[in-house]
file start36.csv (CSV, C-alpha atoms)
chain,number,residue,atom,x,y,z
U,21,MET,CA,19.7,47.4,29.7
U,22,LYS,CA,21.2,45.0,27.2
U,23,ALA,CA,21.3,42.3,30.0
U,24,LEU,CA,17.6,42.9,30.7
U,25,ILE,CA,16.6,42.6,27.0
U,26,LEU,CA,18.6,39.4,26.8
U,27,LEU,CA,16.9,38.0,29.9
U,28,ILE,CA,13.5,38.7,28.5
U,29,PHE,CA,14.4,37.1,25.1
U,30,LEU,CA,15.6,33.9,26.9
U,31,LEU,CA,12.4,33.7,28.9
U,32,LEU,CA,10.3,34.0,25.7
U,33,ILE,CA,12.1,31.3,23.8
U,34,SER,CA,12.3,28.9,26.8
U,35,GLY,CA,8.6,28.0,26.2
U,36,CYS,CA,9.3,27.1,22.6
U,37,THR,CA,10.7,23.6,23.4
U,38,ALA,CA,10.3,20.6,21.2
U,39,SER,CA,7.5,19.3,23.4
U,40,ASN,CA,5.4,22.3,22.4
U,41,VAL,CA,5.9,21.9,18.7
U,42,ILE,CA,2.7,20.9,16.8
U,43,SER,CA,3.2,18.6,13.9
U,44,LEU,CA,1.4,19.7,10.7
U,45,GLY,CA,1.9,16.3,9.0
U,46,SER,CA,3.6,15.5,5.8
U,47,VAL,CA,3.3,17.4,2.5
U,48,GLU,CA,3.0,15.6,-0.9
U,49,ILE,CA,6.1,15.8,-2.9
U,50,SER,CA,6.2,16.2,-6.7
U,51,ASP,CA,9.8,15.4,-7.4
U,52,TYR,CA,12.1,12.6,-6.1
U,53,ASN,CA,15.8,12.5,-6.9
U,54,GLY,CA,15.1,14.3,-10.2
U,55,THR,CA,12.1,12.2,-11.2
U,56,ARG,CA,8.9,14.1,-11.7
U,57,LEU,CA,6.0,12.5,-9.9
U,58,ASP,CA,2.3,12.6,-10.6
U,59,SER,CA,-0.2,13.6,-7.9
U,60,VAL,CA,-2.4,11.5,-5.7
U,61,ASN,CA,-5.2,13.5,-7.3
U,62,ASP,CA,-4.4,12.3,-10.8
U,63,PHE,CA,-6.1,8.9,-10.3
U,64,ARG,CA,-9.5,8.2,-11.8
U,65,GLU,CA,-12.2,6.7,-9.5
U,66,ASN,CA,-13.0,3.2,-10.8
U,67,SER,CA,-13.5,1.0,-7.8
U,68,ILE,CA,-16.4,-1.4,-7.7
U,69,HIS,CA,-18.3,0.2,-4.8
U,70,GLY,CA,-16.8,3.7,-4.6
U,71,PRO,CA,-14.2,4.8,-2.0
U,72,GLN,CA,-14.1,2.9,1.2
U,73,TYR,CA,-13.6,4.5,4.6
U,74,ILE,CA,-12.1,2.2,7.2
U,75,ASN,CA,-12.1,2.7,10.9
U,76,ILE,CA,-8.5,2.1,11.7
U,77,ASP,CA,-9.2,1.5,15.4
U,78,ASN,CA,-11.0,-1.7,14.4
U,79,TYR,CA,-8.8,-2.6,11.5
U,80,THR,CA,-6.9,-5.9,11.2
U,81,LEU,CA,-4.8,-7.3,8.4
U,82,GLU,CA,-5.3,-11.1,8.3
U,83,VAL,CA,-2.6,-13.4,6.9
U,84,PHE,CA,-4.2,-16.8,6.7
U,85,GLY,CA,-4.8,-20.0,4.7
U,86,LEU,CA,-1.8,-22.2,4.1
U,87,ALA,CA,0.2,-20.5,6.9
U,88,SER,CA,1.8,-22.3,9.8
U,89,ASN,CA,1.5,-19.2,12.0
U,90,PRO,CA,-1.5,-17.2,10.8
U,91,LYS,CA,-1.3,-13.5,11.8
U,92,ASP,CA,-3.7,-10.7,12.6
U,93,TYR,CA,-1.9,-7.4,12.4
U,94,THR,CA,-3.1,-4.0,13.6
U,95,TYR,CA,-2.3,-1.0,11.4
U,96,SER,CA,0.5,0.0,13.7
U,97,GLU,CA,2.0,-3.5,13.8
U,98,VAL,CA,2.3,-3.5,10.0
U,99,LEU,CA,4.0,-0.1,10.1
U,100,SER,CA,6.5,-1.4,12.6
U,101,HIS,CA,8.1,-3.5,10.0
U,102,GLN,CA,11.1,-2.4,7.9
U,103,ALA,CA,9.9,0.3,5.4
U,104,TYR,CA,10.9,0.4,1.7
U,105,SER,CA,10.2,2.9,-1.1
U,106,LYS,CA,10.3,2.8,-4.8
U,107,ILE,CA,8.9,4.8,-7.8
U,108,VAL,CA,6.4,2.7,-9.7
U,109,GLN,CA,4.0,3.7,-12.4
U,110,ILE,CA,0.4,2.3,-12.4
U,111,ASN,CA,-1.1,1.7,-15.8
U,112,CYS,CA,-4.9,1.3,-16.1
U,113,VAL,CA,-6.6,-0.7,-18.8
U,114,GLU,CA,-8.7,2.5,-19.4
U,115,GLY,CA,-5.6,4.2,-20.9
U,116,TRP,CA,-4.3,6.4,-18.1
U,117,SER,CA,-1.1,6.0,-16.0
U,118,VAL,CA,0.3,7.7,-12.9
U,119,LYS,CA,3.9,7.6,-11.6
U,120,ILE,CA,4.1,7.7,-7.8
U,121,LEU,CA,6.7,7.2,-5.0
U,122,TRP,CA,5.4,4.4,-2.9
U,123,GLU,CA,6.4,3.6,0.6
U,124,GLY,CA,5.4,0.4,2.5
U,125,VAL,CA,6.5,-3.0,3.8
U,126,LEU,CA,7.4,-6.0,1.8
U,127,VAL,CA,4.6,-8.5,1.5
U,128,LYS,CA,7.2,-11.3,1.8
U,129,ASP,CA,8.2,-10.1,5.2
U,130,LEU,CA,4.7,-10.6,6.4
U,131,LEU,CA,4.5,-14.0,4.8
U,132,GLU,CA,7.7,-15.0,6.4
U,133,GLU,CA,6.3,-14.3,9.8
U,134,ALA,CA,3.1,-16.2,9.0
U,135,GLY,CA,5.0,-19.2,7.7
U,136,VAL,CA,4.3,-20.4,4.2
U,137,GLU,CA,3.2,-24.0,3.9
U,138,PRO,CA,5.0,-26.0,1.2
U,139,GLU,CA,1.8,-26.6,-0.8
U,140,ALA,CA,1.1,-22.9,-1.1
U,141,SER,CA,1.4,-21.7,-4.8
U,142,THR,CA,-0.9,-18.7,-4.9
U,143,ILE,CA,-1.5,-15.6,-2.9
U,144,ILE,CA,-5.0,-14.1,-2.9
U,145,PHE,CA,-5.6,-10.5,-1.7
U,146,HIS,CA,-8.9,-9.5,-0.2
U,147,ALA,CA,-10.3,-6.0,0.1
U,148,PHE,CA,-12.8,-4.3,2.4
U,149,ASP,CA,-15.3,-3.8,-0.4
U,150,GLY,CA,-15.3,-7.4,-1.5
U,151,TYR,CA,-12.7,-7.1,-4.3
U,152,SER,CA,-10.1,-9.7,-4.7
U,153,THR,CA,-7.2,-10.6,-7.0
U,154,SER,CA,-4.5,-13.3,-7.0
U,155,PHE,CA,-0.9,-13.8,-8.0
U,156,PRO,CA,1.6,-16.7,-8.2
U,157,LEU,CA,3.4,-16.8,-4.9
U,158,SER,CA,6.7,-16.6,-6.8
U,159,TYR,CA,5.7,-13.2,-8.2
U,160,ILE,CA,5.4,-11.7,-4.7
U,161,LEU,CA,8.5,-13.3,-3.3
U,162,ASP,CA,10.8,-12.6,-6.3
U,163,ASN,CA,9.9,-9.0,-7.0
U,164,ASN,CA,9.9,-7.3,-3.6
U,165,ILE,CA,6.3,-6.3,-3.9
U,166,LEU,CA,5.2,-3.6,-1.6
U,167,LEU,CA,2.1,-3.3,0.6
U,168,ALA,CA,2.1,0.5,0.5
U,169,TYR,CA,0.8,2.9,3.2
U,170,LYS,CA,2.3,6.1,1.8
U,171,MET,CA,2.4,7.7,-1.7
U,172,ASN,CA,4.5,10.8,-2.5
U,173,ASN,CA,5.4,11.1,1.2
U,174,ILE,CA,1.8,11.3,2.5
U,175,THR,CA,-0.4,8.6,4.0
U,176,ILE,CA,-2.5,7.0,1.3
U,177,PRO,CA,-5.9,8.8,1.3
U,178,PRO,CA,-9.1,6.7,1.7
U,179,GLU,CA,-9.9,7.4,-2.0
U,180,ARG,CA,-6.6,5.7,-3.0
U,181,GLY,CA,-6.9,2.7,-0.7
U,182,TYR,CA,-6.1,3.6,2.9
U,183,PRO,CA,-4.8,1.8,4.9
U,184,PHE,CA,-3.0,-0.4,2.3
U,185,GLN,CA,-2.7,-0.7,-1.5
U,186,LEU,CA,-0.7,-3.3,-3.3
U,187,VAL,CA,2.0,-2.0,-5.6
U,188,ALA,CA,1.7,-4.7,-8.3
U,189,GLU,CA,4.5,-3.5,-10.5
U,190,ASN,CA,4.5,-4.6,-14.2
U,191,LYS,CA,0.8,-5.6,-13.9
U,192,TRP,CA,-2.3,-3.8,-15.1
U,193,GLY,CA,-4.0,-1.5,-12.6
U,194,PHE,CA,-6.8,-4.0,-11.8
U,195,LYS,CA,-4.2,-6.0,-9.9
U,196,TRP,CA,-3.3,-3.0,-7.7
U,197,ILE,CA,-5.9,-3.9,-5.0
U,198,LYS,CA,-6.9,-1.2,-2.5
U,199,TRP,CA,-8.3,-1.3,1.1
U,200,ILE,CA,-6.6,-4.7,1.7
U,201,THR,CA,-7.9,-6.6,4.7
U,202,GLY,CA,-6.7,-10.2,4.0
U,203,ILE,CA,-3.7,-12.0,2.5
U,204,GLU,CA,-4.5,-15.6,1.8
U,205,LEU,CA,-2.0,-18.3,1.0
U,206,SER,CA,-3.6,-20.9,-1.2
U,207,SER,CA,-2.9,-23.9,-3.5
U,208,ASP,CA,-5.6,-22.8,-5.9
U,209,SER,CA,-3.6,-21.6,-8.9
U,210,SER,CA,-6.9,-21.2,-10.9
U,211,TYR,CA,-8.4,-18.7,-8.6
U,212,LEU,CA,-10.0,-15.7,-10.4
U,213,GLY,CA,-10.5,-12.4,-8.7
U,214,TYR,CA,-13.3,-9.8,-9.3
U,215,TRP,CA,-12.3,-8.6,-12.8
U,216,GLU,CA,-10.5,-11.8,-13.8
U,217,SER,CA,-13.7,-13.7,-13.4
U,218,ARG,CA,-15.3,-11.1,-15.7
U,219,GLY,CA,-12.9,-11.8,-18.6
U,220,TYR,CA,-9.7,-9.9,-17.7
U,221,ASN,CA,-6.4,-11.7,-18.0
U,222,ASN,CA,-5.4,-13.3,-14.7
U,223,ASN,CA,-1.7,-12.9,-15.6
U,224,ALA,CA,-2.2,-9.2,-16.3
U,225,ASP,CA,1.4,-8.5,-17.6
U,226,LEU,CA,1.7,-5.1,-19.1
U,227,ASN,CA,3.2,-6.5,-22.3
U,228,GLY,CA,0.5,-9.1,-22.6
U,229,SER,CA,-3.2,-9.2,-23.4
U,230,LYS,CA,-5.7,-7.3,-21.2
U,231,PHE,CA,-8.3,-10.0,-21.6
U,232,SER,CA,-8.4,-13.7,-21.4
call {"tool": "encode", "arguments": {"input": "start36.csv", "output": "structure tokens"}}
result
Amino acid sequence: MKALILLIFLLLISGCTASNVISLGSVEISDYNGTRLDSVNDFRENSIHGPQYINIDNYTLEVFGLASNPKDYTYSEVLSHQAYSKIVQINCVEGWSVKILWEGVLVKDLLEEAGVEPEASTIIFHAFDGYSTSFPLSYILDNNILLAYKMNNITIPPERGYPFQLVAENKWGFKWIKWITGIELSSDSSYLGYWESRGYNNNADLNGSKFS
């Protein structure tokens, strides 16, 4: 009798192989190595045209301009690069802040593949909604700046910038561009993005002035 029960049990569990396991996806974490994290829902909606919803099947990330080997990446091709993570707080000029564990790829790894021409001094990020912002190229290369695709262990939601948001650490929140579709290498160090052309400080250091 015991042998029969054991046989039935083995037959039942034989169908529960790894190939039959259904993934339920990741769950947002609220603590990382003892650091309390804010939630993806703690952000305020302040984008210029509201949340953008990108069809990832048609998506490409273009790295162009002063590049010797311009690239057009699919979403999966970007994710195939070495991943990095760090806790960084975003501070908005409106007075709120959110601390998040970000995961993504280094922008400089993508630039290395695209080949930076010697005359390039500026990097301009372009978004799906027409938003743009710029940085000195040295800021991106020297600070291991992330192009993030996860926050708190979950894929960035459309409201937060899916598929990619820039983690512009030590810069005011208007530099944290969302829904990124293009990374342009330029020699135009005077380029002004959306808010910068409307009076916000192009340098945007947290310890500096918010306005020009």
call {"tool": "residues_around", "arguments": {"input": "start36.csv", "residues": "region 188-195 of chain U", "least_positions_apart": "4", "cutoff": "10 Å", "atoms": "only C-alpha atoms", "output": "PyMOL selection string"}}
result
chain U and resi 66-67+107-114+116-117+145+152-155+159-160+163-167+213-216+220-230
call {"tool": "residues_around", "arguments": {"input": "start36.csv", "residues": "Gly70 (chain U)", "least_positions_apart": "2", "cutoff": "12 Å", "atoms": "all atoms listed in the file", "output": "MDAnalysis selection string"}}
result
chainID U and resid 64:68 72:73 148:151 178:181 198:199
call {"tool": "atom_distance", "arguments": {"input": "start36.csv", "atom1": "CA of Val83 (chain U)", "atom2": "CA of Ile174 (chain U)"}}
result
25.5 Å
call {"tool": "atom_distance", "arguments": {"input": "start36.csv", "atom1": "CA of Ile76 (chain U)", "atom2": "CA of Leu99 (chain U)"}}
result
12.8 Å
call {"tool": "closest_residue", "arguments": {"input": "start36.csv", "among": "U:Phe63, U:Phe84, U:Trp122, U:Tyr95", "to": "Glu48 (chain U)", "atoms": "only C-alpha atoms"}}
result
U:Trp122
call {"tool": "atom_distance", "arguments": {"input": "start36.csv", "atom1": "CA of His101 (chain U)", "atom2": "CA of Ala140 (chain U)"}}
result
23.4 Å
call {"tool": "closest_residue", "arguments": {"input": "start36.csv", "among": "U:Thr142, U:Gln185, U:Ser158, U:Ser50", "to": "Leu212 (chain U)", "atoms": "all atoms listed in the file"}}
result
U:Thr142
call {"tool": "closest_residue", "arguments": {"input": "start36.csv", "among": "U:Leu186, U:Ile143, U:Val60, U:Val136", "to": "Pro90 (chain U)", "atoms": "all atoms listed in the file"}}
result
U:Val136
call {"tool": "closest_residue", "arguments": {"input": "start36.csv", "among": "U:Ala147, U:Ile120, U:Leu205, U:Ile74", "to": "Leu57 (chain U)", "atoms": "only C-alpha atoms"}}
result
U:Ile120
